Protein chains: 2
Amino acid sequence: MDIHVLTRELHVENDSKIVMLVADGLGGLPMSPGGKTELESASRPNLNALAAIGVQGGSIPVAPGIAPGSGPGHLGLFGYDPVQYLIGRGALEATGIGFELKSGDAAARGNFCTLDAAGKISDRRAGRIPSEESAPLAVRMRQVTFPGIEVFVEPVKEHRFVVVFRGPGLVGHVKDTDPQKTGVPPLPAEAIDAASKKTAEVANTFIAQATKLLAGEKKANGLTLRGFAGRPDLPSYEEVYGLKAAAIAVYPMYKGLARLVGMEIVGQAQTLSEQMQVLEQNWSKYDFFFIHFKYTDSTGEDGNFDAKVKKIEELDAAIPRITALKPKVLIVTGDHSTPSYLRSHSWHPVPTLLVSDCCRPDGHTTFGENTCVRGGLGQFAAKYLMTLALANAGRMTKYGA
Amino acid sequence: MDIHVLTRELHVENDSKIVMLVADGLGGLPMSPGGKTELESASRPNLNALAAIGVQGGSIPVAPGIAPGSGPGHLGLFGYDPVQYLIGRGALEATGIGFELKSGDAAARGNFCTLDAAGKISDRRAGRIPSEESAPLAVRMRQVTFPGIEVFVEPVKEHRFVVVFRGPGLVGHVKDTDPQKTGVPPLPAEAIDAASKKTAEVANTFIAQATKLLAGEKKANGLTLRGFAGRPDLPSYEEVYGLKAAAIAVYPMYKGLARLVGMEIVGQAQTLSEQMQVLEQNWSKYDFFFIHFKYTDSTGEDGNFDAKVKKIEELDAAIPRITALKPKVLIVTGDHSTPSYLRSHSWHPVPTLLVSDCCRPDGHTTFGENTCVRGGLGQFAAKYLMTLALANAGRMTKYGA
């Protein structure tokens, strides 16, 4: 069910404030059976105090067993079914570096590659060229011009870059030009449907001109394009929830994801403390605040259990600055689990805590994976978290008479 | 998933009896964090005894965060997906006053309004005319006649009435005639699609004749029609479950909802004790009994925590009369929560208890919101309750070989 069918109809305005604090990769695992998770190991007096007056549960990002990337993980939290709403790879890559995609753009991920004298690929990643060398080459490709189309080329990292074509009649259904093997030339860009013919032509023109600009380079004298995609057509927070929403994030990817659902990016915080300051300064201006904390994920991906514990403690210490603002609804959750034990995103339900004056507390006095299993929210699909937030904020009328 | 696809195929006959006791708005909230809910505060020895041999859980009426009205709330309990099956406003209003809609009827909610000398609306609710004054005017409008169409006008309350048109070729897709503001005349009824043209014409003819009949009235000299709708096309209990079902309700709305799914309305009970008597008298005649108890909702809507507690105790005291009949399956639940704290329907999962000889008891010895969180039924969609009832009654064969 597309829950937005209901939220569009039922949402109402009031003065309430909703805060969604997302600790990326929050969920964890014990390092050995019988042990505690990172969250359970952390000293977390403020989260525990919230647990005592709130309700908790396990949020399932996509479906049981599915470990999501940042895109689907956040779409779920934002209430957009992450299977129904796909963000194409090119669009996600552009979003991830903070490129502001517009409707009608066609974005692709680019790889520098090495071509031999016969024009065949000898290295699909251009010898894993370092970013310092590849970035100027990406910038050089901005010299490509052709009438009626704007071309944006942005460096990413090592052999990767992003290209975005902007102009009338562009659609993202174009096949990859990466043949996925060496000893053959890059493939021409080929339209998947009639509507994408122009995009394929534009891509081929770009490839031809760019290859000339790269001629003579030792490592990166060629390129391939993959994951063609347009800006995903996501209805905005304003449309589906009636919420004026702000995103307070440090990293471009999360600002980009928030922008795709119509949130405004506020502040230029670089630390959690600065994020709290931005929250305080913008408190009166928005209904909904998405605060993104990255480091619970990155420490988990490093497999550094103790460092993840410390980051959770840092997050816990910031809670009083949020509660001092007296939000009507405060949610603490993550976009997915990133257990240090696995050093990667995982499918495990994400510990989620919701606090409001009408949330029906479940009697737990600590916040952790094991209490979430027995929590009042049960194990629920992440996409329903926004509906619960709106309900607890008094921002929805009843369905049917 | 439409669970009826399976129940239609799998249901079998036997002599078992199923009782669904619906305490309207049963679920509640503590008045302050750490407190007890209405149900948890009630002396409920009989419900607790059932809990000890039964299994409990939280029923989610529509979806997490969605507070349902009586229509969707009961459709869910009856096993009809409340998003898939919509009851239009006009049809629900007619149902609510006990009007027996037939397939092909077009029903609308009517408002008396005050028109000025120029025919513009000066008061959209006719000065909130009292029911004693408005009811005779609704009856007066029954004088409207035109060939080939039967017209029914029923008083509701204050400025509200219901009109039902019966005849060939009527469809409910007609726009509201209420302009939602004063200083302008009522809108003409306008068809939303070609199939509804005749209905719009009939409505306009009715409005013209009725307005003449109301001429000279000080407050209610005009009318508007809203929420045009046909009888919803719901498959019957007999079709989808193979059950001969009886409804024992006091209020017209719940009799009406039960009638829409093919239940027979039995008895004319006015009290819970009389409802028990009707149950006893009809025990041999039906397979399934829906018993509706209104007062847990109305006390909740009044914000009267103590009164709701008392009503739950009254309900508890009636349980032995049900168990004495030895139903194969007894379910105690509600169509939604109505916490006294919120004075309104809410989205919170509804405490639900199922008892049968094969229900796999979950070890709880009391029945309440907090035990439901940890109950054997988990947090489940209300629409699956009927499937569980059939299964526990031995009324379904296995799916697939």
# chains A, B, ... in the order shown; residues from 1 in each chain; ligands from 1
call {"tool": "interface_residues", "arguments": {"of": "chain A", "to": "chain B", "cutoff": "9 Å", "atoms": "only C-alpha atoms", "output": "count of residues only"}}
result
37
call {"tool": "calpha_fit_and_write", "arguments": {"fixed": "chain B", "moving": "chain A", "output": "compact mmCIF listing (two decimals) with C-alpha atoms, in the first residue's frame"}}
result
# COMPACT_ATOMS: atom_id res chain seq x y z
CA MET A 1 -2.94 -8.97 -0.58
CA ASP A 2 -6.68 -9.57 -0.67
CA ILE A 3 -6.91 -12.31 1.93
CA HIS A 4 -10.39 -13.19 0.65
CA VAL A 5 -8.76 -14.75 -2.40
CA LEU A 6 -7.51 -17.40 0.01
CA THR A 7 -10.49 -17.60 2.41
CA ARG A 8 -12.95 -18.06 -0.47
CA GLU A 9 -10.99 -21.09 -1.62
CA LEU A 10 -10.03 -22.58 1.72
CA HIS A 11 -13.01 -22.22 4.04
CA VAL A 12 -14.85 -25.37 5.09
CA GLU A 13 -18.00 -26.00 7.11
CA ASN A 14 -18.20 -27.36 10.61
CA ASP A 15 -20.36 -26.91 13.71
CA SER A 16 -18.08 -24.44 15.49
CA LYS A 17 -19.27 -21.11 16.86
CA ILE A 18 -17.17 -17.95 16.71
CA VAL A 19 -17.90 -14.91 18.89
CA MET A 20 -16.34 -11.52 18.19
CA LEU A 21 -16.98 -9.15 21.06
CA VAL A 22 -16.14 -5.62 19.95
CA ALA A 23 -15.71 -3.03 22.65
CA ASP A 24 -15.78 0.13 20.59
CA GLY A 25 -12.70 2.28 21.17
CA LEU A 26 -11.31 -0.28 23.64
CA GLY A 27 -7.66 0.78 23.52
CA GLY A 28 -6.53 3.60 25.75
CA LEU A 29 -3.62 5.53 27.19
CA PRO A 30 -2.42 6.31 30.68
CA MET A 31 -3.35 9.84 31.78
CA SER A 32 0.29 10.42 32.71
CA PRO A 33 3.55 8.60 31.95
CA GLY A 34 3.96 5.49 34.05
CA GLY A 35 0.22 5.23 34.69
CA LYS A 36 -2.16 2.53 33.59
CA THR A 37 -4.60 2.61 30.70
CA GLU A 38 -8.35 2.36 31.20
CA LEU A 39 -8.27 -1.39 30.45
CA GLU A 40 -5.32 -1.93 32.79
CA SER A 41 -7.07 0.04 35.53
CA ALA A 42 -10.27 -1.95 35.34
CA SER A 43 -11.04 -4.89 37.59
CA ARG A 44 -11.29 -7.54 34.90
CA PRO A 45 -11.10 -11.04 36.40
CA ASN A 46 -12.91 -12.65 33.48
CA LEU A 47 -10.79 -11.06 30.79
CA ASN A 48 -7.68 -11.98 32.74
CA ALA A 49 -8.86 -15.58 33.03
CA LEU A 50 -9.29 -15.64 29.25
CA ALA A 51 -5.82 -14.17 28.82
CA ALA A 52 -4.36 -17.08 30.78
CA ILE A 53 -5.70 -19.59 28.25
CA GLY A 54 -5.61 -17.35 25.19
CA VAL A 55 -3.28 -15.37 23.02
CA GLN A 56 -3.21 -11.59 22.75
CA GLY A 57 -1.76 -8.87 20.60
CA GLY A 58 -2.25 -5.42 19.18
CA SER A 59 -4.60 -5.02 16.24
CA ILE A 60 -3.69 -2.25 13.81
CA PRO A 61 -6.98 -1.08 12.28
CA VAL A 62 -5.75 0.42 8.98
CA ALA A 63 -2.02 1.14 9.12
CA PRO A 64 0.37 2.44 11.79
CA GLY A 65 -0.57 6.00 12.66
CA ILE A 66 -4.00 5.95 11.00
CA ALA A 67 -6.95 6.58 13.33
CA PRO A 68 -10.05 5.08 11.71
CA GLY A 69 -13.68 6.07 11.87
CA SER A 70 -16.30 3.45 12.65
CA GLY A 71 -16.58 2.39 9.00
CA PRO A 72 -12.95 1.45 8.29
CA GLY A 73 -12.53 0.29 11.89
CA HIS A 74 -15.25 -2.31 11.57
CA LEU A 75 -14.44 -3.27 7.99
CA GLY A 76 -10.95 -4.15 9.20
CA LEU A 77 -12.28 -6.33 12.00
CA PHE A 78 -14.63 -8.02 9.55
CA GLY A 79 -11.60 -8.86 7.39
CA TYR A 80 -12.21 -6.36 4.59
CA ASP A 81 -9.17 -4.26 3.76
CA PRO A 82 -10.35 -0.80 4.84
CA VAL A 83 -8.30 0.93 2.16
CA GLN A 84 -9.45 -1.39 -0.63
CA TYR A 85 -13.10 -1.16 0.42
CA LEU A 86 -14.32 2.39 0.81
CA ILE A 87 -17.71 3.28 2.15
CA GLY A 88 -18.63 6.65 0.62
CA ARG A 89 -19.72 9.37 3.05
CA GLY A 90 -23.33 9.37 1.84
CA ALA A 91 -23.55 5.60 2.14
CA LEU A 92 -21.99 5.68 5.61
CA GLU A 93 -24.38 8.41 6.77
CA ALA A 94 -27.36 6.39 5.50
CA THR A 95 -25.95 3.25 7.10
CA GLY A 96 -25.40 5.13 10.35
CA ILE A 97 -29.08 5.94 10.77
CA GLY A 98 -30.06 2.37 9.95
CA PHE A 99 -31.23 3.03 6.39
CA GLU A 100 -31.00 -0.22 4.45
CA LEU A 101 -29.19 0.76 1.26
CA LYS A 102 -29.73 -1.40 -1.78
CA SER A 103 -27.33 -2.01 -4.62
CA GLY A 104 -27.85 0.76 -7.19
CA ASP A 105 -29.01 3.37 -4.65
CA ALA A 106 -27.32 6.77 -4.64
CA ALA A 107 -27.09 8.32 -1.19
CA ALA A 108 -25.94 11.79 -0.17
CA ARG A 109 -25.51 13.71 3.03
CA GLY A 110 -27.71 16.79 3.15
CA ASN A 111 -27.19 20.06 5.00
CA PHE A 112 -29.91 22.61 5.53
CA CYS A 113 -28.57 26.08 4.83
CA THR A 114 -29.86 29.65 4.94
CA LEU A 115 -30.23 31.46 1.63
CA ASP A 116 -30.49 35.25 1.34
CA ALA A 117 -32.92 37.08 -0.96
CA ALA A 118 -30.47 36.71 -3.84
CA GLY A 119 -30.28 32.92 -3.34
CA LYS A 120 -26.77 33.10 -1.90
CA ILE A 121 -25.79 31.05 1.15
CA SER A 122 -25.66 33.19 4.29
CA ASP A 123 -25.25 30.27 6.76
CA ARG A 124 -23.97 26.85 5.62
CA ARG A 125 -25.52 25.11 8.66
CA ALA A 126 -28.85 26.96 8.86
CA GLY A 127 -27.95 28.55 12.21
CA ARG A 128 -27.27 25.09 13.61
CA ILE A 129 -31.01 24.56 13.67
CA PRO A 130 -32.01 22.13 16.46
CA SER A 131 -33.14 18.62 15.54
CA GLU A 132 -36.71 19.28 16.69
CA GLU A 133 -37.02 21.97 14.06
CA SER A 134 -35.07 20.31 11.28
CA ALA A 135 -36.61 16.83 11.44
CA PRO A 136 -40.09 17.96 10.29
CA LEU A 137 -38.46 19.80 7.39
CA ALA A 138 -36.62 16.66 6.33
CA VAL A 139 -39.92 14.79 6.45
CA ARG A 140 -41.55 17.58 4.44
CA MET A 141 -39.03 17.05 1.64
CA ARG A 142 -40.45 13.54 1.18
CA GLN A 143 -43.19 15.28 -0.82
CA VAL A 144 -40.73 15.59 -3.67
CA THR A 145 -41.72 13.14 -6.38
CA PHE A 146 -40.62 12.52 -9.91
CA PRO A 147 -41.31 9.64 -12.27
CA GLY A 148 -39.28 6.46 -12.13
CA ILE A 149 -37.27 7.41 -9.05
CA GLU A 150 -38.01 6.73 -5.40
CA VAL A 151 -36.74 9.39 -3.02
CA PHE A 152 -36.04 8.78 0.66
CA VAL A 153 -35.27 11.64 3.02
CA GLU A 154 -34.25 10.87 6.58
CA PRO A 155 -33.53 13.35 9.37
CA VAL A 156 -30.15 12.98 11.04
CA LYS A 157 -29.31 15.63 13.64
CA GLU A 158 -29.46 19.42 13.70
CA HIS A 159 -28.83 20.72 10.17
CA ARG A 160 -28.08 17.27 8.74
CA PHE A 161 -30.23 14.81 6.82
CA VAL A 162 -29.77 11.96 4.36
CA VAL A 163 -31.28 11.63 0.93
CA VAL A 164 -31.34 8.40 -1.05
CA PHE A 165 -32.39 8.09 -4.68
CA ARG A 166 -33.50 4.68 -5.89
CA GLY A 167 -34.15 3.80 -9.51
CA PRO A 168 -32.48 2.49 -12.65
CA GLY A 169 -29.21 3.96 -13.87
CA LEU A 170 -28.09 5.77 -10.73
CA VAL A 171 -24.39 6.02 -9.86
CA GLY A 172 -22.74 7.93 -7.05
CA HIS A 173 -20.09 9.94 -8.92
CA VAL A 174 -21.58 13.40 -8.45
CA LYS A 175 -19.82 16.49 -7.11
CA ASP A 176 -20.86 18.17 -3.87
CA THR A 177 -23.26 21.09 -4.19
CA ASP A 178 -21.89 22.72 -1.04
CA PRO A 179 -19.53 25.52 -2.20
CA GLN A 180 -17.84 25.40 1.25
CA LYS A 181 -18.28 29.16 1.65
CA THR A 182 -21.00 31.77 2.13
CA GLY A 183 -21.96 34.63 -0.19
CA VAL A 184 -22.40 32.34 -3.18
CA PRO A 185 -25.35 30.18 -4.24
CA PRO A 186 -25.24 26.40 -3.83
CA LEU A 187 -23.55 24.71 -6.75
CA PRO A 188 -25.57 22.61 -9.17
CA ALA A 189 -25.05 18.87 -8.86
CA GLU A 190 -22.50 17.94 -11.52
CA ALA A 191 -21.70 14.47 -12.83
CA ILE A 192 -18.07 13.38 -12.48
CA ASP A 193 -18.40 10.88 -15.32
CA ALA A 194 -20.85 10.12 -18.12
CA ALA A 195 -22.46 7.27 -16.18
CA SER A 196 -23.48 9.67 -13.41
CA LYS A 197 -25.31 12.21 -15.59
CA LYS A 198 -28.72 10.87 -14.69
CA THR A 199 -27.94 10.95 -10.97
CA ALA A 200 -26.86 14.59 -11.25
CA GLU A 201 -30.11 15.44 -13.05
CA VAL A 202 -32.14 13.63 -10.42
CA ALA A 203 -30.28 15.49 -7.67
CA ASN A 204 -30.89 18.87 -9.34
CA THR A 205 -34.60 18.10 -9.76
CA PHE A 206 -34.75 17.12 -6.08
CA ILE A 207 -32.95 20.30 -5.01
CA ALA A 208 -35.28 22.51 -7.07
CA GLN A 209 -38.46 20.91 -5.72
CA ALA A 210 -37.17 20.72 -2.15
CA THR A 211 -36.11 24.37 -2.18
CA LYS A 212 -39.69 25.29 -3.14
CA LEU A 213 -41.00 23.20 -0.22
CA LEU A 214 -38.63 25.04 2.14
CA ALA A 215 -39.49 28.53 0.84
CA GLY A 216 -40.44 30.89 3.65
CA GLU A 217 -38.45 29.02 6.33
CA LYS A 218 -36.32 31.48 8.28
CA LYS A 219 -33.27 29.33 8.98
CA ALA A 220 -33.55 26.35 6.68
CA ASN A 221 -34.76 27.66 3.35
CA GLY A 222 -32.10 25.91 1.30
CA LEU A 223 -30.00 22.78 1.15
CA THR A 224 -26.74 21.36 -0.08
CA LEU A 225 -25.86 17.74 -0.89
CA ARG A 226 -22.45 16.17 -0.28
CA GLY A 227 -20.67 12.85 -0.41
CA PHE A 228 -22.75 11.15 -3.12
CA ALA A 229 -22.12 7.42 -2.89
CA GLY A 230 -23.64 4.10 -3.77
CA ARG A 231 -23.91 1.09 -1.54
CA PRO A 232 -20.38 -0.31 -1.27
CA ASP A 233 -19.98 -3.58 -3.06
CA LEU A 234 -18.79 -5.82 -0.24
CA PRO A 235 -18.79 -9.58 -0.68
CA SER A 236 -20.77 -11.24 2.09
CA TYR A 237 -19.54 -13.26 5.06
CA GLU A 238 -21.24 -16.24 3.48
CA GLU A 239 -19.28 -15.75 0.23
CA VAL A 240 -15.84 -15.10 1.66
CA TYR A 241 -15.93 -17.17 4.87
CA GLY A 242 -18.87 -19.54 4.47
CA LEU A 243 -20.25 -18.14 7.71
CA LYS A 244 -23.86 -17.52 8.64
CA ALA A 245 -23.34 -14.43 10.74
CA ALA A 246 -25.45 -12.53 13.26
CA ALA A 247 -24.95 -9.00 14.56
CA ILE A 248 -26.08 -8.08 18.05
CA ALA A 249 -25.77 -4.31 18.27
CA VAL A 250 -27.67 -1.50 19.92
CA TYR A 251 -26.81 1.42 17.64
CA PRO A 252 -27.95 1.77 14.01
CA MET A 253 -24.45 2.49 12.66
CA TYR A 254 -23.09 -0.89 13.74
CA LYS A 255 -26.16 -2.76 12.60
CA GLY A 256 -25.75 -0.98 9.28
CA LEU A 257 -22.08 -1.88 8.94
CA ALA A 258 -22.83 -5.51 9.79
CA ARG A 259 -25.62 -5.56 7.22
CA LEU A 260 -23.20 -4.37 4.52
CA VAL A 261 -21.20 -7.60 4.92
CA GLY A 262 -24.31 -9.74 4.93
CA MET A 263 -24.80 -10.30 8.65
CA GLU A 264 -28.32 -10.67 9.93
CA ILE A 265 -29.36 -8.22 12.63
CA VAL A 266 -30.87 -10.21 15.48
CA GLY A 267 -32.84 -8.99 18.47
CA GLN A 268 -33.62 -5.49 19.59
CA ALA A 269 -31.38 -5.37 22.63
CA GLN A 270 -30.88 -2.02 24.34
CA THR A 271 -28.48 -3.14 27.07
CA LEU A 272 -25.49 -5.46 27.28
CA SER A 273 -27.54 -7.87 29.35
CA GLU A 274 -30.20 -7.93 26.66
CA GLN A 275 -27.48 -8.45 24.06
CA MET A 276 -26.32 -11.52 26.01
CA GLN A 277 -29.91 -12.77 26.06
CA VAL A 278 -30.18 -12.35 22.29
CA LEU A 279 -26.89 -14.24 21.93
CA GLU A 280 -28.20 -17.12 24.05
CA GLN A 281 -31.50 -17.25 22.19
CA ASN A 282 -29.86 -17.33 18.77
CA TRP A 283 -26.91 -19.56 19.63
CA SER A 284 -28.01 -22.51 17.53
CA LYS A 285 -28.94 -20.45 14.49
CA TYR A 286 -25.64 -18.88 13.43
CA ASP A 287 -21.95 -19.70 13.03
CA PHE A 288 -20.60 -16.25 13.88
CA PHE A 289 -21.73 -13.59 16.31
CA PHE A 290 -20.63 -9.96 16.21
CA ILE A 291 -21.48 -8.27 19.50
CA HIS A 292 -21.00 -4.53 19.62
CA PHE A 293 -20.53 -2.61 22.90
CA LYS A 294 -20.60 1.13 22.33
CA TYR A 295 -19.84 2.71 25.68
CA THR A 296 -16.08 2.17 25.86
CA ASP A 297 -15.89 4.56 22.92
CA SER A 298 -18.37 7.20 24.06
CA THR A 299 -16.81 7.48 27.53
CA GLY A 300 -13.38 7.75 25.91
CA GLU A 301 -14.63 10.51 23.61
CA ASP A 302 -15.99 12.31 26.67
CA GLY A 303 -12.49 12.13 28.15
CA ASN A 304 -13.99 10.36 31.13
CA PHE A 305 -11.28 7.89 32.16
CA ASP A 306 -13.14 6.58 35.22
CA ALA A 307 -16.38 6.11 33.32
CA LYS A 308 -14.53 4.15 30.62
CA VAL A 309 -12.97 1.95 33.32
CA LYS A 310 -16.46 1.27 34.69
CA LYS A 311 -17.75 0.35 31.23
CA ILE A 312 -14.88 -2.10 30.77
CA GLU A 313 -15.80 -3.64 34.13
CA GLU A 314 -19.40 -3.96 32.96
CA LEU A 315 -18.15 -5.72 29.83
CA ASP A 316 -15.93 -8.00 31.88
CA ALA A 317 -18.90 -9.05 33.99
CA ALA A 318 -20.77 -10.16 30.87
CA ILE A 319 -18.00 -12.53 29.71
CA PRO A 320 -19.19 -15.58 31.71
CA ARG A 321 -22.49 -15.56 29.82
CA ILE A 322 -20.51 -15.91 26.59
CA THR A 323 -18.07 -18.56 27.82
CA ALA A 324 -20.98 -20.57 29.26
CA LEU A 325 -22.07 -21.14 25.66
CA LYS A 326 -18.65 -22.69 24.93
CA PRO A 327 -17.76 -20.95 21.68
CA LYS A 328 -14.95 -22.66 19.78
CA VAL A 329 -13.35 -19.24 19.28
CA LEU A 330 -13.87 -16.11 21.38
CA ILE A 331 -12.30 -12.83 20.35
CA VAL A 332 -12.36 -9.66 22.44
CA THR A 333 -11.19 -6.58 20.62
CA GLY A 334 -12.14 -3.08 19.51
CA ASP A 335 -12.50 -1.32 16.17
CA HIS A 336 -9.92 1.28 17.24
CA SER A 337 -8.55 2.91 20.38
CA THR A 338 -10.32 5.87 21.99
CA PRO A 339 -8.02 7.06 24.77
CA SER A 340 -9.76 9.28 27.31
CA TYR A 341 -6.54 11.29 27.26
CA LEU A 342 -7.12 12.21 23.61
CA ARG A 343 -10.94 12.35 23.73
CA SER A 344 -10.98 10.93 20.21
CA HIS A 345 -10.40 7.88 18.06
CA SER A 346 -6.71 7.11 17.80
CA TRP A 347 -4.25 5.05 15.82
CA HIS A 348 -2.90 2.99 18.71
CA PRO A 349 -3.02 -0.79 18.27
CA VAL A 350 -6.16 -2.23 19.85
CA PRO A 351 -5.84 -4.79 22.65
CA THR A 352 -7.04 -8.06 21.18
CA LEU A 353 -7.52 -11.41 22.82
CA LEU A 354 -8.23 -14.68 21.03
CA VAL A 355 -9.17 -17.86 22.87
CA SER A 356 -9.56 -21.31 21.38
CA ASP A 357 -8.34 -24.78 22.26
CA CYS A 358 -5.56 -24.49 19.67
CA CYS A 359 -4.53 -20.83 19.92
CA ARG A 360 -1.00 -21.32 21.33
CA PRO A 361 -1.26 -19.39 24.64
CA ASP A 362 1.47 -16.82 25.17
CA GLY A 363 1.85 -17.12 28.92
CA HIS A 364 0.22 -13.83 29.88
CA THR A 365 -2.25 -13.89 32.75
CA THR A 366 -3.70 -10.40 32.36
CA PHE A 367 -5.20 -8.58 29.40
CA GLY A 368 -4.00 -5.07 28.68
CA GLU A 369 -2.15 -2.83 26.27
CA ASN A 370 1.24 -3.64 27.74
CA THR A 371 0.82 -7.40 27.68
CA CYS A 372 -0.51 -7.13 24.12
CA VAL A 373 2.82 -5.64 23.06
CA ARG A 374 4.44 -8.90 24.17
CA GLY A 375 1.59 -11.14 23.08
CA GLY A 376 1.63 -14.12 20.78
CA LEU A 377 -0.42 -12.39 18.11
CA GLY A 378 2.20 -9.66 17.86
CA GLN A 379 1.08 -6.41 16.29
CA PHE A 380 -1.03 -7.44 13.37
CA ALA A 381 -3.31 -5.90 10.76
CA ALA A 382 -6.94 -6.07 11.93
CA LYS A 383 -7.93 -7.53 8.56
CA TYR A 384 -6.25 -10.82 9.48
CA LEU A 385 -8.33 -11.35 12.59
CA MET A 386 -11.09 -13.15 10.70
CA THR A 387 -8.57 -15.48 9.06
CA LEU A 388 -7.22 -16.30 12.50
CA ALA A 389 -10.76 -16.83 13.75
CA LEU A 390 -11.55 -19.26 10.93
CA ALA A 391 -8.27 -21.11 11.42
CA ASN A 392 -8.81 -21.49 15.16
CA ALA A 393 -12.34 -22.69 14.46
CA GLY A 394 -11.00 -25.44 12.18
CA ARG A 395 -12.87 -23.79 9.32
CA MET A 396 -10.00 -23.62 6.81
CA THR A 397 -8.11 -26.29 4.94
CA LYS A 398 -4.47 -25.84 4.09
CA TYR A 399 -3.27 -23.72 1.20
CA GLY A 400 -1.52 -25.77 -1.45
CA ALA A 401 -0.51 -29.38 -1.09
call {"tool": "select_by_dssp", "arguments": {"residues": "region 215-253 of chain B", "states": "strand (DSSP E or B)", "output": "PyMOL selection string"}}
result
chain B and resi 222-230+245-248
call {"tool": "select_by_dssp", "arguments": {"residues": "region 98-222 of chain B", "states": "alpha helix (DSSP H)", "output": "PyMOL selection string"}}
result
chain B and resi 131-140+197-214
call {"tool": "write_last_selection", "arguments": {"atoms": "C-alpha atoms", "output": "PDB file, in the first residue's frame"}}
result
ATOM      1  CA  SER B 131     -33.311  18.364  15.566  1.00  0.00           C
ATOM      2  CA  GLU B 132     -36.906  18.955  16.708  1.00  0.00           C
ATOM      3  CA  GLU B 133     -37.251  21.696  14.090  1.00  0.00           C
ATOM      4  CA  SER B 134     -35.255  20.072  11.307  1.00  0.00           C
ATOM      5  CA  ALA B 135     -36.733  16.567  11.417  1.00  0.00           C
ATOM      6  CA  PRO B 136     -40.223  17.660  10.265  1.00  0.00           C
ATOM      7  CA  LEU B 137     -38.615  19.579   7.395  1.00  0.00           C
ATOM      8  CA  ALA B 138     -36.700  16.465   6.313  1.00  0.00           C
ATOM      9  CA  VAL B 139     -39.973  14.539   6.382  1.00  0.00           C
ATOM     10  CA  ARG B 140     -41.647  17.345   4.389  1.00  0.00           C
ATOM     11  CA  LYS B 197     -25.158  12.412 -15.551  1.00  0.00           C
ATOM     12  CA  LYS B 198     -28.551  11.026 -14.702  1.00  0.00           C
ATOM     13  CA  THR B 199     -27.776  11.060 -10.974  1.00  0.00           C
ATOM     14  CA  ALA B 200     -26.765  14.718 -11.203  1.00  0.00           C
ATOM     15  CA  GLU B 201     -30.015  15.550 -13.026  1.00  0.00           C
ATOM     16  CA  VAL B 202     -32.049  13.694 -10.430  1.00  0.00           C
ATOM     17  CA  ALA B 203     -30.233  15.536  -7.652  1.00  0.00           C
ATOM     18  CA  ASN B 204     -30.881  18.914  -9.273  1.00  0.00           C
ATOM     19  CA  THR B 205     -34.557  18.104  -9.729  1.00  0.00           C
ATOM     20  CA  PHE B 206     -34.737  17.102  -6.078  1.00  0.00           C
ATOM     21  CA  ILE B 207     -33.000  20.291  -4.955  1.00  0.00           C
ATOM     22  CA  ALA B 208     -35.336  22.483  -7.008  1.00  0.00           C
ATOM     23  CA  GLN B 209     -38.506  20.828  -5.682  1.00  0.00           C
ATOM     24  CA  ALA B 210     -37.233  20.616  -2.115  1.00  0.00           C
ATOM     25  CA  THR B 211     -36.241  24.275  -2.081  1.00  0.00           C
ATOM     26  CA  LYS B 212     -39.816  25.169  -3.047  1.00  0.00           C
ATOM     27  CA  LEU B 213     -41.114  23.020  -0.177  1.00  0.00           C
ATOM     28  CA  LEU B 214     -38.808  24.872   2.221  1.00  0.00           C
TER      29      LEU B 214
END
